[in-house]
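S.K.: My questions will all concern the structure given below.
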Amino acid sequence: MENQKNKGKQHIIRLGSMNQENEFIPIIVDGDDQELKNTQVPEMLPILPLRNTVLFPGVVLPITVGREASLELVRDVQKGNKLLGTIAQKDYTIDQPGIADIYAVGTVAEVLKVLEMPDGSTSVIIQGKRRYRISEFVTEAPYFVAKVEPLHEIIPANDKEFSAIVGTLKDLSLKIAQFSANIPQEATFALKNIENASFLINFICSNTDIKVEEKQKLLEIENLKDRGIQAVSFLVREVQMLELKHDIQKKVKADMDRQQREFMLNMQMKTIQDELGGNPVEQETKALKEKAKSKKWNEDVAKFFKKEVDKLSRLNPAAGEYSVQFTFCQTLLDLPWNEYTTDNFDLKNAEKVLDEDHYGLEKVKERILEHLAVLKLKNDMKSPILCLYGPPGVGKTSLGKSVARALGRSYVRISLGGLNDESEIRGHRKTYIGAMPGRIIQNIKKAKSSNPVFILDEIDKVSKHFHGDPASALLEVLDPEQNSEFHDNYLEVDYDLSKVMFIATANTLNTIAPPLRDRLELIEVSGYLVEEKIEIARRHLIPKQLENHGLGKNSITFPKDVIELIIDGYTRESGVRELDKKIAKIVRRTAKKIAFEETYNKKLTKADVREYLGVVEFSKEKYQGNDFAGVVTGLAWTAVGGEILFVETSLSKGKGALTLTGNLGDVMKESAVLAHEYLKSHSDKLELDPEVFANWNVHVHVPEGAIPKDGPSAGVTMVTSMASAFTQRKVKKNLAMTGEITLRGKVLPVGGIKEKILAAKRAGITEIILSAENKKHLEEIKEEYLKGIEFHFVNTIMDVLDIALLRTKVDKPLKIA
């Protein structure tokens, strides 16, 4: 349409939402600012409240008039000067606004046209002229009339920053038009061709899709530059929102397209698969159900499995969860639910197998045969939880294989050394990526029976960690009252471990948690005697190494004295692991000579051993005689077997100081102090002047100072050594002793008796002094190992001294200073 007062350009442009109560088509006339400035504002104006929009100067706007008061106002104005004051409502939902419900700043508008619409409503086209502020309301009926004062706008001239702001507003408006589907293409053309800066700013402020409060804030700004800056901030926010919506719509559309594509492909694939003979997923599910029919699981597990397979059938094969669920169902099927191997109850055969595989270990074999005997009589006995403890290399782990072979059961083994994660025992919950059952269930699955012989190796080396305490998790596994309902986190159903025969192995009991140790049936596997090692080498180690190196049985023979030389001169251990390595080295050297067609002795000699293994690495402990008073032979236990040790005492003039050397531990030092104090308090029984202890310093030394030594068993040795030095009476020849002492003069029992006796026998000792309470331990040692040794069992220190010290003194008796 054409404005009679302004012959400029006309642009019909729509920016913003069409879903507001008052739909409008903003129209702006691109003209001169001077016309708006020259508009005469009357002192009083009728006020027309506008809902949901704000009119700016220069903007032409059609509005729909529905209120009776507003219709009357429009008719009166049309008859007069056609000017009225538009003002925005604070809350567009109020139908009859009061003075408090409208803002104070508005725009003077000229009524250009009143249109009676076909639906009976009235539309009015108005054009904004200039801003005003209400100073006072004159009347409220039949419509608002108020005194007003015109407001001036500050328009910058020749301001580069202002020009940049206008350009930014235009760019942002064009971007909004680009993103909005409701804006016609002509809008872009019109925006590009509006040249008047104030008209462009007011047009954009009026028609951008922002809140009424924000539009009102823009209208109240006098400086057009500041208004432009504020409008830029609002438009930037709108652009960001539109871009975000656009991105979301693109993503949703892409997802919808992908889903539709997948659906169509899946439908086509299903049709092709049906033509070829069936859906692989359905075939997999069917195969799982068929396999489940042969399982011997109980009703609860069967229901659980059916539920999991049904869940699998509902999953999309392309989804990551499908493979997780399929693996879980497969794991349930692979477990040997209630499947047991038949035990071999031929006790004579079991005894034969155990003797074939291991020489010695009588206690362990006896316990296994006891279990078999009871199981033969009472078929539902719960399996025992055995723990074999002892030094390395004595055959604890390999014993499990022999037990499995004797029983006819499957054999599985896990190493617990360094284990610090509870999930290794109980498994991970299958919600985690890469979840799997614990090692207990994994090995049951590997054994393919629910009653294997299960070796828990190195149970003493389980460690705590922030991931949990595996030792606590083992409590349930190793408790016969609980393990019938063992719960693995991965399986989510209980599994019966009560028929599994667990055999744990350990080097020491000190590091095993007390609650766990309480559940174990402890069986000590002590070190082998030299005689036992010779038999083990002849029966097991030498044949094994000959086979491993491709040599025949008659390629080389090891005489008994040669094997003993290897054991004494080249190994120092309780077990036979190092011995096995030395034999392997000799066999390798022999194999090399055979391969090079060199001559060699088929019957190995001691000279051959020295050639193959080098110089002797260890010297055999030998008794060193009784030439000096104060030197006594003691017996000690080490991790590699028994040893003999010597305690030496010398006296020097002084003030009665006691000096201890030889890398002694606290307990051993306390034993020396006890011995010294006992002799002081019982000097009369030894026919010693008490003054001798105050005038002579005592120095006790235990040779091999590089080796740490500790323990109470050297108590009797120390007191005998000191007594010999003070009385100058020599110790009986070929005599050794061991025992703990008390301040009252009692001799207490000690451990490691078997190993100590063997060490004494190797050293040529013929008499041994022991506590009377150690007598029972000799019953567990074979008679052949005790042959040639006389035992003296004592209760007090005086008993020891009576036996050990000779009656005659040395040539130079001790003088008292």
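Here's how to read the names in the structure tokens: chain A, B, ... by the order shown, residue numbers from 1 in each chain, ligand numbers from 1 in the order shown.
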As a VMD selection string, please: every residue in range 545-650 of chain A that a backbone DSSP assignment puts in strand (DSSP E).
M.R.: chain A and resid 631 to 638 641 to 650
S.K.: Please produce a file of the residues just selected, as an mmCIF file, in the first residue's frame, where the atoms kept are C-alpha atoms.
M.R.:
data_model
loop_
_atom_site.group_PDB
_atom_site.id
_atom_site.type_symbol
_atom_site.label_atom_id
_atom_site.label_comp_id
_atom_site.auth_asym_id
_atom_site.auth_seq_id
_atom_site.Cartn_x
_atom_site.Cartn_y
_atom_site.Cartn_z
ATOM 1 C CA VAL A 631 82.734 -74.774 71.469
ATOM 2 C CA VAL A 632 79.396 -76.618 71.128
ATOM 3 C CA THR A 633 77.572 -78.095 68.121
ATOM 4 C CA GLY A 634 73.933 -77.030 67.715
ATOM 5 C CA LEU A 635 71.167 -77.999 65.296
ATOM 6 C CA ALA A 636 69.143 -75.520 63.248
ATOM 7 C CA TRP A 637 66.206 -75.601 60.821
ATOM 8 C CA THR A 638 66.211 -73.612 57.563
ATOM 9 C CA GLY A 641 66.339 -78.351 55.464
ATOM 10 C CA GLY A 642 68.397 -78.914 58.593
ATOM 11 C CA GLU A 643 71.845 -77.504 59.348
ATOM 12 C CA ILE A 644 74.427 -77.858 62.091
ATOM 13 C CA LEU A 645 75.869 -74.711 63.618
ATOM 14 C CA PHE A 646 78.632 -74.014 66.104
ATOM 15 C CA VAL A 647 78.426 -71.740 69.125
ATOM 16 C CA GLU A 648 81.773 -70.418 70.369
ATOM 17 C CA THR A 649 82.365 -68.707 73.718
ATOM 18 C CA SER A 650 85.560 -66.966 74.810
#
S.K.: Report as a ChimeraX atom specification: the residues of range 64-172 of chain A with a DSSP assignment of helix (DSSP H, G or I), based on the backbone of this structure.
M.R.: /A:68-79,99-101,160-172
S.K.: What would the file look like if the residues just selected were written as a short mmCIF file (atom, residue, chain, number, x, y, z; two decimals), in the first residue's frame with N, CA and C atoms?
M.R.:
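Result written to out-v4.cif:
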data_model
loop_
_atom_site.label_atom_id
_atom_site.label_comp_id
_atom_site.auth_asym_id
_atom_site.auth_seq_id
_atom_site.Cartn_x
_atom_site.Cartn_y
_atom_site.Cartn_z
N GLU A 68 -14.36 -4.28 23.31
CA GLU A 68 -15.36 -3.23 23.02
C GLU A 68 -14.75 -1.86 23.22
N ALA A 69 -13.98 -1.71 24.31
CA ALA A 69 -13.37 -0.40 24.60
C ALA A 69 -12.40 -0.01 23.49
N SER A 70 -11.65 -1.00 22.99
CA SER A 70 -10.67 -0.72 21.93
C SER A 70 -11.37 -0.37 20.63
N LEU A 71 -12.50 -1.07 20.32
CA LEU A 71 -13.26 -0.74 19.10
C LEU A 71 -13.80 0.69 19.15
N GLU A 72 -14.29 1.07 20.33
CA GLU A 72 -14.83 2.43 20.48
C GLU A 72 -13.73 3.45 20.32
N LEU A 73 -12.53 3.14 20.89
CA LEU A 73 -11.38 4.04 20.78
C LEU A 73 -11.01 4.24 19.32
N VAL A 74 -10.94 3.13 18.53
CA VAL A 74 -10.54 3.20 17.12
C VAL A 74 -11.54 4.05 16.34
N ARG A 75 -12.84 3.86 16.61
CA ARG A 75 -13.86 4.63 15.87
C ARG A 75 -13.73 6.11 16.17
N ASP A 76 -13.53 6.46 17.45
CA ASP A 76 -13.40 7.87 17.83
C ASP A 76 -12.17 8.51 17.20
N VAL A 77 -11.04 7.77 17.20
CA VAL A 77 -9.80 8.29 16.64
C VAL A 77 -9.92 8.49 15.14
N GLN A 78 -10.62 7.57 14.46
CA GLN A 78 -10.78 7.64 13.02
C GLN A 78 -11.55 8.89 12.61
N LYS A 79 -12.45 9.28 13.50
CA LYS A 79 -13.24 10.48 13.21
C LYS A 79 -12.43 11.74 13.47
N ILE A 99 -4.33 0.09 34.94
CA ILE A 99 -3.17 0.98 34.78
C ILE A 99 -1.88 0.25 35.14
N ALA A 100 -1.95 -0.59 36.16
CA ALA A 100 -0.75 -1.30 36.63
C ALA A 100 -0.32 -2.41 35.68
N ASP A 101 -1.19 -2.77 34.71
CA ASP A 101 -0.91 -3.90 33.83
C ASP A 101 -0.26 -3.49 32.52
N LYS A 160 31.25 4.88 12.42
CA LYS A 160 31.59 3.60 11.78
C LYS A 160 31.09 2.41 12.61
N GLU A 161 31.19 2.54 13.94
CA GLU A 161 30.74 1.44 14.80
C GLU A 161 29.24 1.22 14.64
N PHE A 162 28.47 2.34 14.51
CA PHE A 162 27.03 2.23 14.32
C PHE A 162 26.73 1.53 13.00
N SER A 163 27.50 1.88 11.96
CA SER A 163 27.30 1.24 10.66
C SER A 163 27.58 -0.27 10.74
N ALA A 164 28.62 -0.63 11.54
CA ALA A 164 28.94 -2.05 11.72
C ALA A 164 27.82 -2.78 12.44
N ILE A 165 27.23 -2.08 13.44
CA ILE A 165 26.12 -2.69 14.20
C ILE A 165 24.93 -2.95 13.27
N VAL A 166 24.64 -1.95 12.41
CA VAL A 166 23.51 -2.11 11.48
C VAL A 166 23.79 -3.27 10.52
N GLY A 167 25.02 -3.35 10.03
CA GLY A 167 25.36 -4.46 9.14
C GLY A 167 25.23 -5.81 9.83
N THR A 168 25.65 -5.86 11.09
CA THR A 168 25.55 -7.11 11.86
C THR A 168 24.10 -7.51 12.03
N LEU A 169 23.25 -6.51 12.37
CA LEU A 169 21.82 -6.80 12.54
C LEU A 169 21.23 -7.36 11.26
N LYS A 170 21.63 -6.76 10.13
CA LYS A 170 21.08 -7.20 8.85
C LYS A 170 21.52 -8.66 8.57
N ASP A 171 22.80 -8.96 8.83
CA ASP A 171 23.31 -10.33 8.60
C ASP A 171 22.59 -11.34 9.48
N LEU A 172 22.43 -10.97 10.76
CA LEU A 172 21.75 -11.89 11.68
C LEU A 172 20.31 -12.12 11.26
#
S.K.: Would you kindly return, as JSON, numbers by chain, each protein, DNA or RNA residue with an atom no farther than 6 Å from any atom of range 715-732 of chain A, considering only C-alpha atoms and excluding same-chain residues fewer than 5 positions away?
M.R.: {"A": [629, 630, 631, 632, 634, 649, 671, 675, 739, 740, 741, 804, 805, 806, 809, 810]}
S.K.: Write the residues you've just listed into a file as a PDB file, in the first residue's frame, and include N, CA, C and O atoms for each of them.
M.R.:
ATOM      1  N   ALA A 629      87.449 -75.908  74.964  1.00  0.00           N
ATOM      2  CA  ALA A 629      86.298 -75.658  75.835  1.00  0.00           C
ATOM      3  C   ALA A 629      85.537 -74.444  75.304  1.00  0.00           C
ATOM      4  O   ALA A 629      86.138 -73.493  74.795  1.00  0.00           O
ATOM      5  N   GLY A 630      84.217 -74.476  75.397  1.00  0.00           N
ATOM      6  CA  GLY A 630      83.400 -73.339  74.942  1.00  0.00           C
ATOM      7  C   GLY A 630      82.874 -73.476  73.539  1.00  0.00           C
ATOM      8  O   GLY A 630      82.108 -72.627  73.063  1.00  0.00           O
ATOM      9  N   VAL A 631      83.242 -74.554  72.827  1.00  0.00           N
ATOM     10  CA  VAL A 631      82.734 -74.774  71.469  1.00  0.00           C
ATOM     11  C   VAL A 631      81.732 -75.927  71.510  1.00  0.00           C
ATOM     12  O   VAL A 631      82.071 -77.036  71.927  1.00  0.00           O
ATOM     13  N   VAL A 632      80.478 -75.629  71.067  1.00  0.00           N
ATOM     14  CA  VAL A 632      79.396 -76.618  71.128  1.00  0.00           C
ATOM     15  C   VAL A 632      78.705 -76.686  69.769  1.00  0.00           C
ATOM     16  O   VAL A 632      78.552 -75.661  69.087  1.00  0.00           O
ATOM     17  N   GLY A 634      75.388 -77.159  67.626  1.00  0.00           N
ATOM     18  CA  GLY A 634      73.933 -77.030  67.715  1.00  0.00           C
ATOM     19  C   GLY A 634      73.273 -77.493  66.427  1.00  0.00           C
ATOM     20  O   GLY A 634      73.942 -77.752  65.414  1.00  0.00           O
ATOM     21  N   THR A 649      82.318 -69.666  72.616  1.00  0.00           N
ATOM     22  CA  THR A 649      82.365 -68.707  73.718  1.00  0.00           C
ATOM     23  C   THR A 649      83.815 -68.523  74.153  1.00  0.00           C
ATOM     24  O   THR A 649      84.535 -69.514  74.367  1.00  0.00           O
ATOM     25  N   SER A 671      68.067 -65.571  74.091  1.00  0.00           N
ATOM     26  CA  SER A 671      68.488 -66.889  74.567  1.00  0.00           C
ATOM     27  C   SER A 671      69.863 -66.808  75.211  1.00  0.00           C
ATOM     28  O   SER A 671      70.128 -67.435  76.252  1.00  0.00           O
ATOM     29  N   ALA A 675      70.829 -67.622  79.073  1.00  0.00           N
ATOM     30  CA  ALA A 675      71.879 -68.580  79.429  1.00  0.00           C
ATOM     31  C   ALA A 675      72.866 -67.961  80.420  1.00  0.00           C
ATOM     32  O   ALA A 675      73.265 -68.581  81.418  1.00  0.00           O
ATOM     33  N   GLY A 739      67.174 -77.088  71.597  1.00  0.00           N
ATOM     34  CA  GLY A 739      66.113 -76.928  72.590  1.00  0.00           C
ATOM     35  C   GLY A 739      66.054 -75.503  73.101  1.00  0.00           C
ATOM     36  O   GLY A 739      67.061 -74.788  73.120  1.00  0.00           O
ATOM     37  N   GLU A 740      64.885 -75.083  73.511  1.00  0.00           N
ATOM     38  CA  GLU A 740      64.672 -73.749  74.070  1.00  0.00           C
ATOM     39  C   GLU A 740      64.818 -73.816  75.587  1.00  0.00           C
ATOM     40  O   GLU A 740      64.456 -74.820  76.213  1.00  0.00           O
ATOM     41  N   ILE A 741      65.353 -72.749  76.193  1.00  0.00           N
ATOM     42  CA  ILE A 741      65.534 -72.731  77.648  1.00  0.00           C
ATOM     43  C   ILE A 741      64.693 -71.631  78.278  1.00  0.00           C
ATOM     44  O   ILE A 741      64.285 -70.672  77.601  1.00  0.00           O
ATOM     45  N   ALA A 804      76.534 -83.332  78.590  1.00  0.00           N
ATOM     46  CA  ALA A 804      77.413 -82.736  77.582  1.00  0.00           C
ATOM     47  C   ALA A 804      78.840 -82.494  78.060  1.00  0.00           C
ATOM     48  O   ALA A 804      79.797 -82.679  77.297  1.00  0.00           O
ATOM     49  N   LEU A 805      79.003 -82.044  79.296  1.00  0.00           N
ATOM     50  CA  LEU A 805      80.336 -81.639  79.750  1.00  0.00           C
ATOM     51  C   LEU A 805      81.099 -82.827  80.318  1.00  0.00           C
ATOM     52  O   LEU A 805      80.574 -83.616  81.121  1.00  0.00           O
ATOM     53  N   LEU A 806      82.360 -82.911  79.874  1.00  0.00           N
ATOM     54  CA  LEU A 806      83.229 -83.955  80.414  1.00  0.00           C
ATOM     55  C   LEU A 806      83.641 -83.594  81.835  1.00  0.00           C
ATOM     56  O   LEU A 806      83.667 -82.421  82.228  1.00  0.00           O
ATOM     57  N   LYS A 809      88.873 -81.278  83.366  1.00  0.00           N
ATOM     58  CA  LYS A 809      89.056 -79.922  82.864  1.00  0.00           C
ATOM     59  C   LYS A 809      90.271 -79.861  81.954  1.00  0.00           C
ATOM     60  O   LYS A 809      91.090 -80.756  81.915  1.00  0.00           O
ATOM     61  N   VAL A 810      90.389 -78.769  81.225  1.00  0.00           N
ATOM     62  CA  VAL A 810      91.544 -78.559  80.350  1.00  0.00           C
ATOM     63  C   VAL A 810      92.769 -78.275  81.209  1.00  0.00           C
ATOM     64  O   VAL A 810      92.687 -78.053  82.412  1.00  0.00           O
TER      65      VAL A 810
END
S.K.: Hey, what's within 8 Å of range 499-515 of chain A if we count only C-alpha atoms and toss same-chain stuff fewer than 6 positions away? As a PyMOL selection string, please?
M.R.: chain A and resi 382-392+396-397+400+450-461+471+475+478
S.K.: Show me, as a PyMOL selection string, the residues that have an atom within 12 Å of Ala231 in chain A when counting only C-alpha atoms, minus same-chain residues fewer than 5 positions from it.
M.R.: chain A and resi 165-166+168-170+172-173+200-210+214-219+221+224-226+236-238
S.K.: May I have the residues from that selection written out with N, CA and C atoms, as a PDB file, in the first residue's frame?
M.R.:
ATOM      1  N   ILE A 165      27.231  -2.084  13.440  1.00  0.00           N
ATOM      2  CA  ILE A 165      26.116  -2.691  14.197  1.00  0.00           C
ATOM      3  C   ILE A 165      24.935  -2.946  13.268  1.00  0.00           C
ATOM      4  N   VAL A 166      24.637  -1.954  12.415  1.00  0.00           N
ATOM      5  CA  VAL A 166      23.512  -2.106  11.478  1.00  0.00           C
ATOM      6  C   VAL A 166      23.786  -3.271  10.525  1.00  0.00           C
ATOM      7  N   THR A 168      25.649  -5.856  11.095  1.00  0.00           N
ATOM      8  CA  THR A 168      25.552  -7.111  11.860  1.00  0.00           C
ATOM      9  C   THR A 168      24.099  -7.514  12.034  1.00  0.00           C
ATOM     10  N   LEU A 169      23.254  -6.514  12.375  1.00  0.00           N
ATOM     11  CA  LEU A 169      21.824  -6.804  12.541  1.00  0.00           C
ATOM     12  C   LEU A 169      21.227  -7.358  11.257  1.00  0.00           C
ATOM     13  N   LYS A 170      21.632  -6.756  10.129  1.00  0.00           N
ATOM     14  CA  LYS A 170      21.085  -7.204   8.847  1.00  0.00           C
ATOM     15  C   LYS A 170      21.518  -8.655   8.574  1.00  0.00           C
ATOM     16  N   LEU A 172      22.435 -10.971  10.763  1.00  0.00           N
ATOM     17  CA  LEU A 172      21.752 -11.892  11.683  1.00  0.00           C
ATOM     18  C   LEU A 172      20.308 -12.124  11.263  1.00  0.00           C
ATOM     19  N   SER A 173      19.643 -11.045  10.814  1.00  0.00           N
ATOM     20  CA  SER A 173      18.250 -11.178  10.383  1.00  0.00           C
ATOM     21  C   SER A 173      18.155 -12.089   9.162  1.00  0.00           C
ATOM     22  N   LEU A 200      15.617   0.241   9.723  1.00  0.00           N
ATOM     23  CA  LEU A 200      16.019  -1.171   9.752  1.00  0.00           C
ATOM     24  C   LEU A 200      16.068  -1.695  11.190  1.00  0.00           C
ATOM     25  N   ILE A 201      16.672  -0.879  12.094  1.00  0.00           N
ATOM     26  CA  ILE A 201      16.784  -1.318  13.500  1.00  0.00           C
ATOM     27  C   ILE A 201      15.398  -1.491  14.109  1.00  0.00           C
ATOM     28  N   ASN A 202      14.514  -0.498  13.906  1.00  0.00           N
ATOM     29  CA  ASN A 202      13.181  -0.570  14.503  1.00  0.00           C
ATOM     30  C   ASN A 202      12.374  -1.728  13.914  1.00  0.00           C
ATOM     31  N   PHE A 203      12.539  -1.941  12.616  1.00  0.00           N
ATOM     32  CA  PHE A 203      11.814  -3.039  11.985  1.00  0.00           C
ATOM     33  C   PHE A 203      12.244  -4.390  12.577  1.00  0.00           C
ATOM     34  N   ILE A 204      13.558  -4.562  12.714  1.00  0.00           N
ATOM     35  CA  ILE A 204      14.069  -5.836  13.252  1.00  0.00           C
ATOM     36  C   ILE A 204      13.667  -5.993  14.714  1.00  0.00           C
ATOM     37  N   CYS A 205      13.765  -4.903  15.492  1.00  0.00           N
ATOM     38  CA  CYS A 205      13.388  -4.972  16.915  1.00  0.00           C
ATOM     39  C   CYS A 205      11.918  -5.341  17.060  1.00  0.00           C
ATOM     40  N   SER A 206      11.069  -4.807  16.190  1.00  0.00           N
ATOM     41  CA  SER A 206       9.633  -5.048  16.291  1.00  0.00           C
ATOM     42  C   SER A 206       9.283  -6.481  15.935  1.00  0.00           C
ATOM     43  N   ASN A 207      10.027  -7.059  15.012  1.00  0.00           N
ATOM     44  CA  ASN A 207       9.584  -8.331  14.446  1.00  0.00           C
ATOM     45  C   ASN A 207      10.438  -9.556  14.777  1.00  0.00           C
ATOM     46  N   THR A 208      11.493  -9.329  15.525  1.00  0.00           N
ATOM     47  CA  THR A 208      12.263 -10.519  15.926  1.00  0.00           C
ATOM     48  C   THR A 208      11.478 -11.325  16.954  1.00  0.00           C
ATOM     49  N   ASP A 209      11.729 -12.623  16.986  1.00  0.00           N
ATOM     50  CA  ASP A 209      10.928 -13.528  17.823  1.00  0.00           C
ATOM     51  C   ASP A 209      11.508 -13.585  19.236  1.00  0.00           C
ATOM     52  N   ILE A 210      11.370 -12.492  19.994  1.00  0.00           N
ATOM     53  CA  ILE A 210      11.837 -12.437  21.380  1.00  0.00           C
ATOM     54  C   ILE A 210      10.662 -12.080  22.284  1.00  0.00           C
ATOM     55  N   GLU A 214      11.535  -8.042  26.495  1.00  0.00           N
ATOM     56  CA  GLU A 214      12.782  -7.678  25.843  1.00  0.00           C
ATOM     57  C   GLU A 214      12.553  -6.635  24.750  1.00  0.00           C
ATOM     58  N   LYS A 215      11.434  -6.768  24.030  1.00  0.00           N
ATOM     59  CA  LYS A 215      11.092  -5.738  23.015  1.00  0.00           C
ATOM     60  C   LYS A 215      10.841  -4.401  23.695  1.00  0.00           C
ATOM     61  N   GLN A 216      10.151  -4.423  24.851  1.00  0.00           N
ATOM     62  CA  GLN A 216       9.861  -3.188  25.580  1.00  0.00           C
ATOM     63  C   GLN A 216      11.157  -2.535  26.048  1.00  0.00           C
ATOM     64  N   LYS A 217      12.116  -3.404  26.463  1.00  0.00           N
ATOM     65  CA  LYS A 217      13.421  -2.885  26.894  1.00  0.00           C
ATOM     66  C   LYS A 217      14.112  -2.171  25.747  1.00  0.00           C
ATOM     67  N   LEU A 218      14.006  -2.733  24.520  1.00  0.00           N
ATOM     68  CA  LEU A 218      14.598  -2.097  23.339  1.00  0.00           C
ATOM     69  C   LEU A 218      13.925  -0.765  23.036  1.00  0.00           C
ATOM     70  N   LEU A 219      12.600  -0.722  23.167  1.00  0.00           N
ATOM     71  CA  LEU A 219      11.851   0.504  22.860  1.00  0.00           C
ATOM     72  C   LEU A 219      12.239   1.633  23.794  1.00  0.00           C
ATOM     73  N   ILE A 221      15.094   2.303  25.053  1.00  0.00           N
ATOM     74  CA  ILE A 221      16.465   2.806  24.860  1.00  0.00           C
ATOM     75  C   ILE A 221      16.415   3.984  23.907  1.00  0.00           C
ATOM     76  N   LEU A 224      19.915   5.143  19.484  1.00  0.00           N
ATOM     77  CA  LEU A 224      19.667   4.098  18.493  1.00  0.00           C
ATOM     78  C   LEU A 224      20.853   3.122  18.395  1.00  0.00           C
ATOM     79  N   LYS A 225      22.057   3.636  18.675  1.00  0.00           N
ATOM     80  CA  LYS A 225      23.247   2.757  18.672  1.00  0.00           C
ATOM     81  C   LYS A 225      23.161   1.722  19.792  1.00  0.00           C
ATOM     82  N   ASP A 226      22.796   2.175  20.992  1.00  0.00           N
ATOM     83  CA  ASP A 226      22.651   1.251  22.132  1.00  0.00           C
ATOM     84  C   ASP A 226      21.532   0.252  21.870  1.00  0.00           C
ATOM     85  N   VAL A 236      21.699 -12.708  18.331  1.00  0.00           N
ATOM     86  CA  VAL A 236      22.726 -13.757  18.435  1.00  0.00           C
ATOM     87  C   VAL A 236      22.180 -14.963  19.181  1.00  0.00           C
ATOM     88  N   ARG A 237      21.465 -14.668  20.277  1.00  0.00           N
ATOM     89  CA  ARG A 237      20.857 -15.769  21.040  1.00  0.00           C
ATOM     90  C   ARG A 237      19.848 -16.530  20.195  1.00  0.00           C
ATOM     91  N   GLU A 238      19.034 -15.787  19.422  1.00  0.00           N
ATOM     92  CA  GLU A 238      18.034 -16.439  18.579  1.00  0.00           C
ATOM     93  C   GLU A 238      18.704 -17.293  17.503  1.00  0.00           C
TER      94      GLU A 238
END
S.K.: Show me, as a list in words, the residues that have an atom within 8 Å of Ile753 in chain A when counting only C-alpha atoms, minus same-chain residues fewer than 4 positions from it.
M.R.: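 Near Ile753 in chain A, the qualifying residues are Ile757, Asn774, His777 and Leu778 of chain A.
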S.K.: Just how far from CA of Glu366 in chain A is CA of Glu524 in chain A, in Å to one decimal?
M.R.: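 These two atoms are separated by 12.7 Å.
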S.K.: Kindly indicate which residue among A:Val111, A:Val324, A:Ile87, A:Ala473 lies nearest to Leu61 in chain A, using only C-alpha atoms for the distances.
M.R.: A:Val111
S.K.: Which residues, written as a ChimeraX atom specification, have at least one atom at most 9 Å from Ile368 in chain A, with only C-alpha atoms counted and residues fewer than 5 positions away on the same chain left out?
M.R.: /A:350,363,373,403
S.K.: From the options A:Gly85, A:Leu516, A:Asn266, A:Val114, which residue's atoms come nearest to Ile63 in chain A, counting only C-alpha atoms?
M.R.: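 Closest to Ile63 in chain A of all the choices is A:Val114.
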S.K.: Interatomic distance between CA of Leu735 in chain A and CA of Ile768 in chain A?
M.R.: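 Interatomic distance here is 5.8 Å.
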S.K.: Return the single residue from A:Leu55, A:Met267, A:Ala760, A:Ile523 that is closest to Lys365 in chain A, with distances computed using only C-alpha atoms.
M.R.: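 Comparing A:Leu55, A:Met267, A:Ala760, A:Ile523 against Lys365 in chain A, the winner is A:Ile523.
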